[in-house]
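Coordinates from upload-v2.tsv are shown below (TSV, C-alpha atoms).
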```tsv
chain	number	residue	atom	x	y	z
Y	826	MET	CA	-2.70	-29.26	13.14
Y	827	LEU	CA	-2.39	-25.53	12.79
Y	828	GLN	CA	-2.82	-24.34	9.23
Y	829	MET	CA	-0.47	-21.36	8.88
Y	830	ASP	CA	-1.85	-20.70	5.41
Y	831	TRP	CA	-5.01	-19.14	6.88
Y	832	ILE	CA	-4.61	-15.98	4.81
Y	833	LYS	CA	-5.54	-17.81	1.63
Y	834	ASP	CA	-8.94	-18.59	0.20
Y	835	GLY	CA	-10.17	-21.15	2.70
Y	836	LEU	CA	-11.39	-18.96	5.57
Y	837	THR	CA	-12.51	-15.98	3.54
Y	838	SER	CA	-16.09	-17.28	3.29
Y	839	TYR	CA	-16.07	-17.83	7.06
Y	840	PHE	CA	-14.99	-14.24	7.66
Y	841	THR	CA	-17.47	-12.99	5.09
Y	842	LEU	CA	-20.51	-14.56	6.71
Y	843	GLN	CA	-19.74	-14.67	10.43
Y	844	ASP	CA	-17.03	-12.17	11.37
Y	845	ARG	CA	-16.74	-8.39	11.56
Y	846	THR	CA	-12.94	-8.29	11.84
Y	847	PHE	CA	-12.86	-6.15	8.68
Y	848	PRO	CA	-15.20	-3.56	7.17
Y	849	PRO	CA	-17.94	-5.05	5.00
Y	850	LEU	CA	-17.40	-3.70	1.48
Y	851	HIS	CA	-15.23	-6.49	0.10
Y	852	SER	CA	-17.47	-9.09	1.70
Y	853	PHE	CA	-20.57	-7.66	0.02
Y	854	LEU	CA	-18.78	-7.45	-3.34
Y	855	LEU	CA	-17.56	-11.03	-2.93
Y	856	ILE	CA	-21.05	-12.31	-2.11
Y	857	GLY	CA	-22.42	-10.64	-5.26
Y	858	TRP	CA	-19.55	-11.97	-7.34
Y	859	VAL	CA	-20.07	-15.54	-6.07
Y	860	ALA	CA	-23.78	-15.30	-6.85
Y	861	PHE	CA	-23.02	-14.65	-10.52
Y	862	PHE	CA	-19.73	-16.52	-11.12
Y	863	GLY	CA	-19.60	-19.25	-8.48
Y	864	ALA	CA	-17.32	-19.93	-5.53
Y	865	ALA	CA	-14.48	-21.76	-7.28
Y	866	PRO	CA	-11.04	-20.49	-6.19
Y	867	VAL	CA	-10.24	-19.31	-9.72
Y	868	SER	CA	-13.51	-17.40	-9.90
Y	869	THR	CA	-13.16	-15.65	-6.55
Y	870	ALA	CA	-9.50	-14.82	-7.22
Y	871	MET	CA	-10.53	-13.18	-10.50
Y	872	LEU	CA	-12.31	-10.47	-8.51
Y	873	SER	CA	-9.03	-9.62	-6.79
Y	874	PHE	CA	-7.29	-9.65	-10.16
Y	875	LEU	CA	-9.74	-7.07	-11.50
Y	876	PHE	CA	-9.10	-4.85	-8.47
Y	877	SER	CA	-5.37	-5.22	-9.08
Y	878	MET	CA	-5.84	-4.10	-12.70
Y	879	ALA	CA	-7.75	-1.05	-11.45
Y	880	ALA	CA	-4.84	-0.33	-9.10
Y	881	ALA	CA	-2.36	-0.55	-11.98
Y	882	ILE	CA	-4.44	1.88	-14.06
Y	883	ALA	CA	-4.59	4.30	-11.13
Y	884	LEU	CA	-0.81	4.00	-10.62
Y	885	TYR	CA	-0.21	4.85	-14.28
Y	886	ARG	CA	-2.52	7.86	-14.12
Y	887	LEU	CA	-0.91	9.01	-10.87
Y	888	GLY	CA	2.61	8.59	-12.23
Y	889	SER	CA	1.77	10.47	-15.42
Y	890	GLU	CA	0.20	13.30	-13.42
Y	891	MET	CA	3.05	13.53	-10.89
Y	892	PHE	CA	6.03	12.94	-13.16
Y	893	ASP	CA	5.70	11.74	-16.76
Y	894	ARG	CA	4.70	8.68	-18.76
Y	895	THR	CA	8.17	7.11	-18.66
Y	896	VAL	CA	8.16	7.10	-14.87
Y	897	ALA	CA	4.58	5.82	-14.84
Y	898	VAL	CA	5.33	2.88	-17.16
Y	899	ILE	CA	8.39	1.80	-15.15
Y	900	ALA	CA	6.49	2.07	-11.87
Y	901	VAL	CA	3.55	0.02	-13.18
Y	902	ALA	CA	5.88	-2.66	-14.58
Y	903	MET	CA	7.78	-2.85	-11.28
Y	904	PHE	CA	4.57	-3.03	-9.25
Y	905	TRP	CA	2.72	-5.45	-11.51
Y	906	THR	CA	5.54	-8.03	-11.57
Y	907	SER	CA	6.24	-7.88	-7.83
Y	908	ALA	CA	5.71	-11.02	-5.80
Y	909	ALA	CA	3.54	-9.11	-3.34
Y	910	ASN	CA	1.16	-7.83	-6.01
Y	911	LEU	CA	0.94	-11.25	-7.64
Y	912	MET	CA	0.00	-12.70	-4.26
Y	913	TYR	CA	-2.68	-10.08	-3.55
Y	914	ALA	CA	-4.04	-10.29	-7.11
Y	915	THR	CA	-4.61	-14.04	-6.88
Y	916	GLU	CA	-5.97	-14.49	-3.35
Y	917	THR	CA	-9.55	-14.02	-2.25
Y	918	ARG	CA	-9.03	-11.20	0.21
Y	919	MET	CA	-9.56	-7.46	0.31
Y	920	TYR	CA	-6.01	-6.20	-0.17
Y	921	SER	CA	-6.13	-5.66	-3.92
Y	922	LEU	CA	-9.27	-3.55	-3.40
Y	923	LEU	CA	-7.39	-1.62	-0.69
Y	924	LEU	CA	-4.59	-1.00	-3.20
Y	925	ALA	CA	-7.00	0.30	-5.83
Y	926	ALA	CA	-8.82	2.58	-3.37
Y	927	SER	CA	-5.53	3.99	-2.06
Y	928	LEU	CA	-4.14	4.77	-5.50
Y	929	TRP	CA	-7.33	6.37	-6.80
Y	930	SER	CA	-7.53	8.39	-3.59
Y	931	ALA	CA	-3.96	9.61	-4.15
Y	932	TYR	CA	-4.71	10.44	-7.77
Y	933	GLY	CA	-7.80	12.44	-6.83
Y	934	LEU	CA	-5.94	14.29	-4.08
Y	935	HIS	CA	-3.00	15.20	-6.29
Y	936	ARG	CA	-5.20	16.24	-9.19
Y	937	TRP	CA	-7.40	18.43	-6.98
Y	938	LEU	CA	-4.51	20.10	-5.12
Y	939	TRP	CA	-2.35	21.04	-8.08
Y	940	SER	CA	-4.66	20.97	-11.12
Y	941	GLY	CA	-7.84	22.48	-9.70
Y	942	GLY	CA	-11.39	21.55	-10.62
Y	943	THR	CA	-13.87	19.43	-8.73
Y	944	SER	CA	-13.36	16.04	-10.42
Y	945	GLY	CA	-10.29	15.26	-8.32
Y	946	TRP	CA	-12.09	16.35	-5.15
Y	947	TRP	CA	-15.01	14.02	-5.77
Y	948	LEU	CA	-12.70	11.19	-6.82
Y	949	TYR	CA	-10.78	11.56	-3.57
Y	950	ILE	CA	-13.99	11.38	-1.51
Y	951	VAL	CA	-15.39	8.34	-3.31
Y	952	ALA	CA	-12.08	6.42	-3.28
Y	953	SER	CA	-11.52	7.26	0.39
Y	954	VAL	CA	-14.99	6.03	1.35
Y	955	VAL	CA	-14.25	2.79	-0.50
Y	956	GLY	CA	-10.94	2.56	1.36
Y	957	VAL	CA	-12.32	3.01	4.88
Y	958	TYR	CA	-15.03	0.44	4.17
Y	959	THR	CA	-12.38	-1.99	2.88
Y	960	HIS	CA	-9.79	-2.05	5.68
Y	961	TYR	CA	-9.26	-0.20	8.94
Y	962	SER	CA	-5.64	0.57	8.08
Y	963	PHE	CA	-6.82	2.99	5.40
Y	964	TRP	CA	-7.22	5.52	8.22
Y	965	PHE	CA	-3.42	5.55	8.49
Y	966	LEU	CA	-3.24	6.75	4.89
Y	967	LEU	CA	-5.93	9.36	5.47
Y	968	TYR	CA	-3.90	10.65	8.40
Y	969	ALA	CA	-0.90	10.97	6.06
Y	970	TRP	CA	-2.98	12.87	3.47
Y	971	ASN	CA	-4.29	15.27	6.10
Y	972	LEU	CA	-0.83	15.86	7.51
Y	973	ALA	CA	0.54	16.61	4.04
Y	974	VAL	CA	-2.25	19.08	3.22
Y	975	ALA	CA	-1.85	20.75	6.64
Y	976	VAL	CA	1.87	21.26	6.03
Y	977	TRP	CA	1.27	22.73	2.59
Y	978	TRP	CA	-1.49	24.98	3.92
Y	979	TRP	CA	0.81	26.17	6.71
Y	980	ARG	CA	3.49	26.98	4.11
Y	981	GLY	CA	1.00	28.85	1.94
Y	982	ALA	CA	0.93	26.38	-0.94
Y	983	VAL	CA	-2.77	25.57	-0.41
Y	984	PRO	CA	-5.12	28.60	-0.49
Y	985	HIS	CA	-7.65	29.06	2.33
Y	986	GLY	CA	-10.55	28.32	-0.02
Y	987	GLN	CA	-9.07	24.97	-0.97
Y	988	ALA	CA	-8.32	24.24	2.68
Y	989	ARG	CA	-12.00	24.74	3.55
Y	990	ARG	CA	-13.05	22.39	0.77
Y	991	TRP	CA	-10.52	19.89	2.07
Y	992	VAL	CA	-12.11	20.03	5.51
Y	993	TRP	CA	-15.51	19.37	3.96
Y	994	ALA	CA	-14.06	16.39	2.10
Y	995	GLN	CA	-12.91	14.90	5.40
Y	996	VAL	CA	-16.32	15.57	6.92
Y	997	ALA	CA	-17.92	13.68	4.02
Y	998	VAL	CA	-15.60	10.67	4.49
Y	999	VAL	CA	-16.09	10.54	8.27
Y	1000	GLY	CA	-19.84	11.10	7.93
Y	1001	SER	CA	-20.14	8.19	5.52
Y	1002	TYR	CA	-18.46	5.99	8.13
Y	1003	LEU	CA	-20.95	6.70	10.92
Y	1004	PRO	CA	-23.09	3.58	10.22
Y	1005	TRP	CA	-20.03	1.37	10.84
Y	1006	LEU	CA	-18.77	3.11	14.00
Y	1007	GLY	CA	-20.80	0.76	16.16
Y	1008	PHE	CA	-18.62	-2.10	14.92
Y	1009	PHE	CA	-15.38	-0.17	14.49
Y	1010	ILE	CA	-15.01	1.16	18.05
Y	1011	PRO	CA	-15.55	-2.22	19.80
Y	1012	TRP	CA	-13.13	-3.83	17.35
Y	1013	VAL	CA	-10.40	-1.29	18.13
Y	1014	VAL	CA	-10.90	-1.80	21.87
Y	1015	SER	CA	-10.82	-5.60	21.51
Y	1016	PHE	CA	-8.03	-5.79	18.94
Y	1017	TYR	CA	-5.54	-3.36	20.38
Y	1018	PHE	CA	-6.31	-2.58	24.00
Y	1019	GLN	CA	-7.47	-6.02	25.18
Y	1020	HIS	CA	-5.95	-8.77	23.02
Y	1021	GLN	CA	-2.95	-7.26	21.28
Y	1022	ARG	CA	-0.49	-8.48	23.90
Y	1023	ASN	CA	-1.89	-11.99	23.54
Y	1024	TRP	CA	-1.39	-12.40	19.84
Y	1025	VAL	CA	-0.50	-9.33	17.76
Y	1026	GLN	CA	2.81	-8.71	19.50
Y	1027	ALA	CA	3.43	-12.46	19.75
Y	1028	LEU	CA	2.70	-13.35	16.14
Y	1029	TYR	CA	3.67	-10.11	14.38
Y	1030	PRO	CA	6.05	-8.06	16.50
Y	1031	VAL	CA	8.00	-5.13	15.13
Y	1032	ASP	CA	11.04	-6.87	16.57
Y	1033	HIS	CA	13.88	-5.01	14.88
Y	1034	TRP	CA	14.66	-1.48	13.74
Y	1035	THR	CA	15.03	-2.73	10.15
Y	1036	TYR	CA	11.40	-3.88	10.01
Y	1037	PRO	CA	10.18	-0.79	8.07
Y	1038	LEU	CA	12.94	-1.29	5.49
Y	1039	VAL	CA	12.21	-4.98	4.99
Y	1040	ALA	CA	8.47	-4.34	4.88
Y	1041	LEU	CA	8.99	-1.59	2.30
Y	1042	ALA	CA	11.32	-3.64	0.12
Y	1043	GLY	CA	8.97	-6.59	0.33
Y	1044	TYR	CA	6.48	-4.80	-1.92
Y	1045	VAL	CA	9.05	-4.56	-4.72
Y	1046	VAL	CA	11.14	-7.71	-4.31
Y	1047	PRO	CA	10.63	-10.82	-2.13
Y	1048	ALA	CA	13.01	-9.43	0.50
Y	1049	TRP	CA	11.66	-11.79	3.17
Y	1050	SER	CA	13.17	-14.77	1.31
Y	1051	THR	CA	16.71	-13.45	0.80
Y	1052	PRO	CA	19.81	-13.29	3.03
Y	1053	ALA	CA	20.69	-10.15	4.96
Y	1054	TRP	CA	23.56	-9.17	2.65
Y	1055	ALA	CA	21.26	-9.12	-0.39
Y	1056	ASN	CA	18.77	-6.89	1.41
Y	1057	GLY	CA	21.60	-4.63	2.52
Y	1058	LEU	CA	22.81	-4.28	-1.06
Y	1059	TRP	CA	19.25	-3.57	-2.22
Y	1060	PHE	CA	18.75	-0.87	0.42
Y	1061	THR	CA	22.07	0.73	-0.57
Y	1062	VAL	CA	21.05	0.91	-4.24
Y	1063	VAL	CA	17.62	2.32	-3.43
Y	1064	GLY	CA	19.02	4.84	-0.97
Y	1065	GLY	CA	21.56	6.06	-3.50
Y	1066	CYS	CA	18.87	6.49	-6.15
Y	1067	LEU	CA	16.60	8.47	-3.81
Y	1068	ILE	CA	19.45	10.79	-2.82
Y	1069	ALA	CA	20.25	11.29	-6.49
Y	1070	VAL	CA	16.66	12.24	-7.35
Y	1071	ALA	CA	16.62	14.76	-4.48
Y	1072	VAL	CA	19.79	16.37	-5.84
Y	1073	GLY	CA	18.45	16.25	-9.39
Y	1074	MET	CA	15.26	18.12	-8.43
Y	1075	ARG	CA	17.29	20.99	-7.00
Y	1076	ARG	CA	19.29	21.26	-10.25
Y	1077	CYS	CA	16.29	21.03	-12.58
Y	1078	ALA	CA	16.50	23.54	-15.42
Y	1079	ASP	CA	12.74	24.16	-15.48
Y	1080	PRO	CA	11.59	25.53	-12.08
Y	1081	ALA	CA	7.97	24.53	-12.72
Y	1082	VAL	CA	8.92	20.91	-13.42
Y	1083	GLY	CA	11.24	20.87	-10.42
Y	1084	LEU	CA	8.45	22.18	-8.16
Y	1085	ARG	CA	6.00	19.57	-9.48
Y	1086	TRP	CA	8.47	16.74	-8.90
Y	1087	HIS	CA	9.31	18.11	-5.45
Y	1088	ARG	CA	5.65	18.21	-4.38
Y	1089	SER	CA	5.01	14.76	-5.85
Y	1090	CYS	CA	7.94	13.18	-4.04
Y	1091	ALA	CA	6.88	14.89	-0.82
Y	1092	LEU	CA	3.32	13.52	-1.12
Y	1093	LEU	CA	4.67	10.02	-1.79
Y	1094	GLY	CA	6.98	10.39	1.18
Y	1095	PHE	CA	4.06	11.20	3.46
Y	1096	ALA	CA	2.11	8.21	2.09
Y	1097	ILE	CA	5.04	5.86	2.80
Y	1098	VAL	CA	6.61	7.13	6.01
Y	1099	ILE	CA	3.52	8.01	8.08
Y	1100	PRO	CA	1.71	4.63	7.82
Y	1101	LEU	CA	4.96	2.76	8.43
Y	1102	ALA	CA	5.68	4.93	11.46
Y	1103	LEU	CA	2.20	4.26	12.84
Y	1104	VAL	CA	2.48	0.47	12.62
Y	1105	VAL	CA	5.89	0.70	14.34
Y	1106	VAL	CA	4.48	2.92	17.10
Y	1107	PHE	CA	1.55	0.56	17.67
Y	1108	ASN	CA	3.84	-2.49	17.31
Y	1109	ILE	CA	1.70	-4.12	14.64
Y	1110	GLY	CA	4.15	-5.88	12.34
Y	1111	VAL	CA	1.69	-6.94	9.65
Y	1112	PRO	CA	3.07	-5.69	6.31
Y	1113	ARG	CA	-0.15	-6.20	4.40
Y	1114	TYR	CA	-1.94	-3.75	6.68
Y	1115	VAL	CA	0.02	-1.01	4.90
Y	1116	VAL	CA	-0.01	-2.69	1.49
Y	1117	TYR	CA	-0.58	0.67	-0.24
Y	1118	ILE	CA	2.98	1.82	0.48
Y	1119	GLY	CA	4.19	-0.66	-2.17
Y	1120	PRO	CA	3.02	1.11	-5.36
Y	1121	PHE	CA	3.88	4.52	-3.87
Y	1122	PHE	CA	7.42	3.30	-3.29
Y	1123	CYS	CA	7.57	1.85	-6.82
Y	1124	LEU	CA	6.60	5.26	-8.19
Y	1125	LEU	CA	9.19	7.08	-6.10
Y	1126	PHE	CA	11.89	4.57	-7.05
Y	1127	ALA	CA	10.98	4.79	-10.74
Y	1128	ALA	CA	11.26	8.59	-10.60
Y	1129	ALA	CA	14.73	8.23	-9.07
Y	1130	LEU	CA	15.86	5.78	-11.77
Y	1131	VAL	CA	14.58	7.94	-14.61
Y	1132	THR	CA	16.23	11.02	-13.10
Y	1133	LEU	CA	19.57	9.23	-12.90
Y	1134	ASP	CA	19.27	7.91	-16.46
Y	1135	ARG	CA	18.55	11.40	-17.79
Y	1136	ARG	CA	21.51	12.81	-15.89
Y	1137	LEU	CA	23.87	10.07	-17.01
Y	1138	GLY	CA	22.40	9.66	-20.47
Y	1139	TRP	CA	20.07	6.85	-21.39
Y	1140	ARG	CA	23.08	4.83	-22.52
Y	1141	ALA	CA	23.58	4.02	-18.84
Y	1142	LEU	CA	20.40	1.93	-19.08
Y	1143	LEU	CA	20.01	2.13	-15.31
Y	1144	ALA	CA	16.19	2.09	-15.22
Y	1145	PRO	CA	15.78	-0.83	-17.68
Y	1146	SER	CA	18.53	-2.80	-15.96
Y	1147	ILE	CA	17.06	-2.40	-12.47
Y	1148	LEU	CA	13.59	-3.19	-13.81
Y	1149	LEU	CA	14.84	-6.41	-15.44
Y	1150	LEU	CA	16.73	-7.35	-12.28
Y	1151	VAL	CA	13.69	-6.79	-10.06
Y	1152	SER	CA	11.37	-8.67	-12.44
Y	1153	ALA	CA	13.80	-11.59	-12.67
Y	1154	TRP	CA	14.10	-11.68	-8.87
Y	1155	ASN	CA	10.33	-11.86	-8.50
Y	1156	LEU	CA	9.99	-14.45	-11.26
Y	1157	TRP	CA	12.65	-16.60	-9.63
Y	1158	TYR	CA	10.71	-16.46	-6.38
Y	1159	GLN	CA	7.51	-17.54	-8.15
Y	1160	VAL	CA	9.24	-20.52	-9.77
Y	1161	TYR	CA	11.41	-21.46	-6.79
Y	1162	PRO	CA	9.63	-20.16	-3.68
Y	1163	SER	CA	11.83	-20.08	-0.63
Y	1164	SER	CA	10.92	-22.11	2.42
Y	1165	VAL	CA	11.82	-19.05	4.50
Y	1166	GLY	CA	8.80	-16.79	4.46
Y	1167	TRP	CA	7.10	-14.23	6.64
Y	1168	TRP	CA	5.63	-16.96	8.84
Y	1169	SER	CA	9.14	-18.18	9.72
Y	1170	ARG	CA	9.39	-15.39	12.30
Y	1171	VAL	CA	6.32	-16.74	14.14
Y	1172	ASP	CA	6.79	-19.01	17.14
Y	1173	PRO	CA	4.66	-22.09	16.21
Y	1174	SER	CA	3.81	-22.79	19.85
Y	1175	VAL	CA	2.48	-19.27	20.34
Y	1176	ALA	CA	0.51	-19.43	17.09
Y	1177	GLU	CA	-0.93	-22.85	17.96
Y	1178	GLU	CA	-1.98	-21.64	21.39
Y	1179	PHE	CA	-3.63	-18.53	19.93
Y	1180	TRP	CA	-5.68	-20.35	17.31
Y	1181	VAL	CA	-6.73	-23.15	19.63
Y	1182	ASP	CA	-7.94	-20.67	22.23
Y	1183	GLN	CA	-10.13	-18.69	19.82
Y	1184	PRO	CA	-13.85	-19.26	20.31
Y	1185	VAL	CA	-15.93	-20.31	17.31
Y	1186	ARG	CA	-18.04	-17.31	16.32
```

If you took the structure in this file and wrote it as structure tokens, what would it be?
Amino acid sequence: MLQMDWIKDGLTSYFTLQDRTFPPLHSFLLIGWVAFFGAAPVSTAMLSFLFSMAAAIALYRLGSEMFDRTVAVIAVAMFWTSAANLMYATETRMYSLLLAASLWSAYGLHRWLWSGGTSGWWLYIVASVVGVYTHYSFWFLLYAWNLAVAVWWWRGAVPHGQARRWVWAQVAVVGSYLPWLGFFIPWVVSFYFQHQRNWVQALYPVDHWTYPLVALAGYVVPAWSTPAWANGLWFTVVGGCLIAVAVGMRRCADPAVGLRWHRSCALLGFAIVIPLALVVVFNIGVPRYVVYIGPFFCLLFAAALVTLDRRLGWRALLAPSILLLVSAWNLWYQVYPSSVGWWSRVDPSVAEEFWVDQPVR
């Protein structure tokens, strides 16, 4: 009988000891954690919970640096109560570590670009090295960061001296990855060029143009468990808020604040759109491979809500109302989980055939 719940704790030890499907950092950390605290499910899940707390701290610091503390608090509350975060924070896998590395990398990048100093530069390098040794999909985010910096350099917002230091930062990240290239290159060839048609496109196809929207919403609300009309209403609300924040930035009374918000929203846009576009191009419909878009979207959405509330007057209570609605939606899903989940889009016969045919390694 095929166990579709393979993403949970059961096979993690198998992957840790015998498989090189993922980079080794989380496996090494998990082995050390088990040596001190045991291999009980609660114990191993606690490691993921600590990584999730580190991600929340990074999201607050990033939100305060990009926007202000109000936006940061709303974004953290929205992210922390989401069904996706609760799942990653309580399973024994690497995705909460990937979240933490991505957010600290973003914080270091933003702090170095617009605040100066070397602390942000070093933080970006360290967090990025952690990210590439946690999951291969972190390279999608690095591509987004490099594209954003290249655009700003081309427009004259990044001085040539900073651009040279940025190049050296990328050299440091890539250089640190050289010991793992011997495993990474064969995995890419096997995963994408040889076996993708056999199982990736069969199990996780990007089978509809709305996939990026559903994947994006799924990191804020359990969109995969709701009817199409509810998702449509949710997308309409979010789209209206994002348009409103774009208009609000142009009408900002303080040009310096408006420029800071504009650059912050642009950086978040790169971090969301580019990885999503890459998984669509490569037809890899695995939402957790781009898990880091979730908190970035929460931050962007929180900035939109706060902007609207300040324009309409806080008596509109738009941000608190949406936050309560989203939290209640996620809580309802935790108490009454839907039988319709992400795996419902998988053809059981295809999945059974794939898992049966896999050799024991």

Quick check, in Å to one decimal: how far apart do CA of Ala969 in chain Y and CA of Thr906 in chain Y lie?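 CA of Ala969 in chain Y sits 26.7 Å away from CA of Thr906 in chain Y.
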
Given the choices Y:Leu1038, Y:Ile1147, Y:Ala914, Y:Val898, which gets closest to Val1105 in chain Y if the distance is worked out from all atoms listed in the file?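 Ranked by minimum distance to Val1105 in chain Y, first place goes to Y:Leu1038.
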
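Between CA of Ala897 in chain Y and CA of Tyr885 in chain Y lies a distance of 4.9 Å.
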
Residues around (-1.6, 5.3, -7.6), cut-off 9 Å, counting all atoms listed in the file - what are they as a list in words?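 The answer, in the requested form, is Ala880, Ala881, Ile882, Ala883, Leu884, Tyr885, Arg886, Leu887, Gly888, Leu924, Ala925, Ala926, Ser927, Leu928, Trp929, Ser930, Ala931, Tyr932, Tyr1117, Pro1120, Phe1121 and Leu1124 of chain Y.
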
Out of Y:Ser1001, Y:Ser1146, Y:Ser1015, Y:Ser1152, which residue has the shortest atom-to-atom distance to Val1046 in chain Y when counting only C-alpha atoms? Y:Ser1152

Quick one: residues within 12 Å of range 982-986 of chain Y, all atoms listed in the file, excluding same-chain residues fewer than 3 positions away - as number ranges by chain? Y: 935, 937-941, 973-979, 989-993, 1084, 1088

Residues from the last selection, C-alpha atoms, saved as a compact mmCIF listing (two decimals), in the coordinates of the input:
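And here is the file that came out, selection26.txt:
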```
# COMPACT_ATOMS: atom_id res chain seq x y z
CA HIS Y 935 -3.00 15.20 -6.29
CA TRP Y 937 -7.40 18.43 -6.98
CA LEU Y 938 -4.51 20.10 -5.12
CA TRP Y 939 -2.35 21.04 -8.08
CA SER Y 940 -4.66 20.97 -11.12
CA GLY Y 941 -7.84 22.48 -9.70
CA ALA Y 973 0.54 16.61 4.04
CA VAL Y 974 -2.25 19.08 3.22
CA ALA Y 975 -1.85 20.75 6.64
CA VAL Y 976 1.87 21.26 6.03
CA TRP Y 977 1.27 22.73 2.59
CA TRP Y 978 -1.49 24.98 3.92
CA TRP Y 979 0.81 26.17 6.71
CA ARG Y 989 -12.00 24.74 3.55
CA ARG Y 990 -13.05 22.39 0.77
CA TRP Y 991 -10.52 19.89 2.07
CA VAL Y 992 -12.11 20.03 5.51
CA TRP Y 993 -15.51 19.37 3.96
CA LEU Y 1084 8.45 22.18 -8.16
CA ARG Y 1088 5.65 18.21 -4.38
```

With distances taken over all atoms listed in the file, which residue among Y:Trp946, Y:Asp1134, Y:Ala1040, Y:Phe1122 lies nearest Ala988 in chain Y?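 Comparing Y:Trp946, Y:Asp1134, Y:Ala1040, Y:Phe1122 against Ala988 in chain Y, the winner is Y:Trp946.
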
Just the number, please: distance in Å from CA of Tyr913 in chain Y to CA of Pro866 in chain Y, one decimal. 13.6 Å

As AutoDock Vina command-line options, what would the box around range 928-932 of chain Y look like: edges along x, y and z, 5 Å added on every side, centre and edge lengths in Å to one decimal?
```
--center_x -5.7 --center_y 7.6 --center_z -5.7 --size_x 13.6 --size_y 15.7 --size_z 14.2
```

Between Y:Leu854, Y:Ile1109, Y:Val954, Y:Leu967, which residue has the minimum interatomic distance to Phe1016 in chain Y, considering all atoms listed in the file?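 Closest residue, counting all atoms listed in the file: Y:Ile1109.
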
Spatial neighbours of Tyr1036 in chain Y, 10 Å, all atoms listed in the file, chain gap at least 5 places, as a PyMOL selection string: chain Y and resi 1030-1031+1041-1042+1101+1105+1110+1112
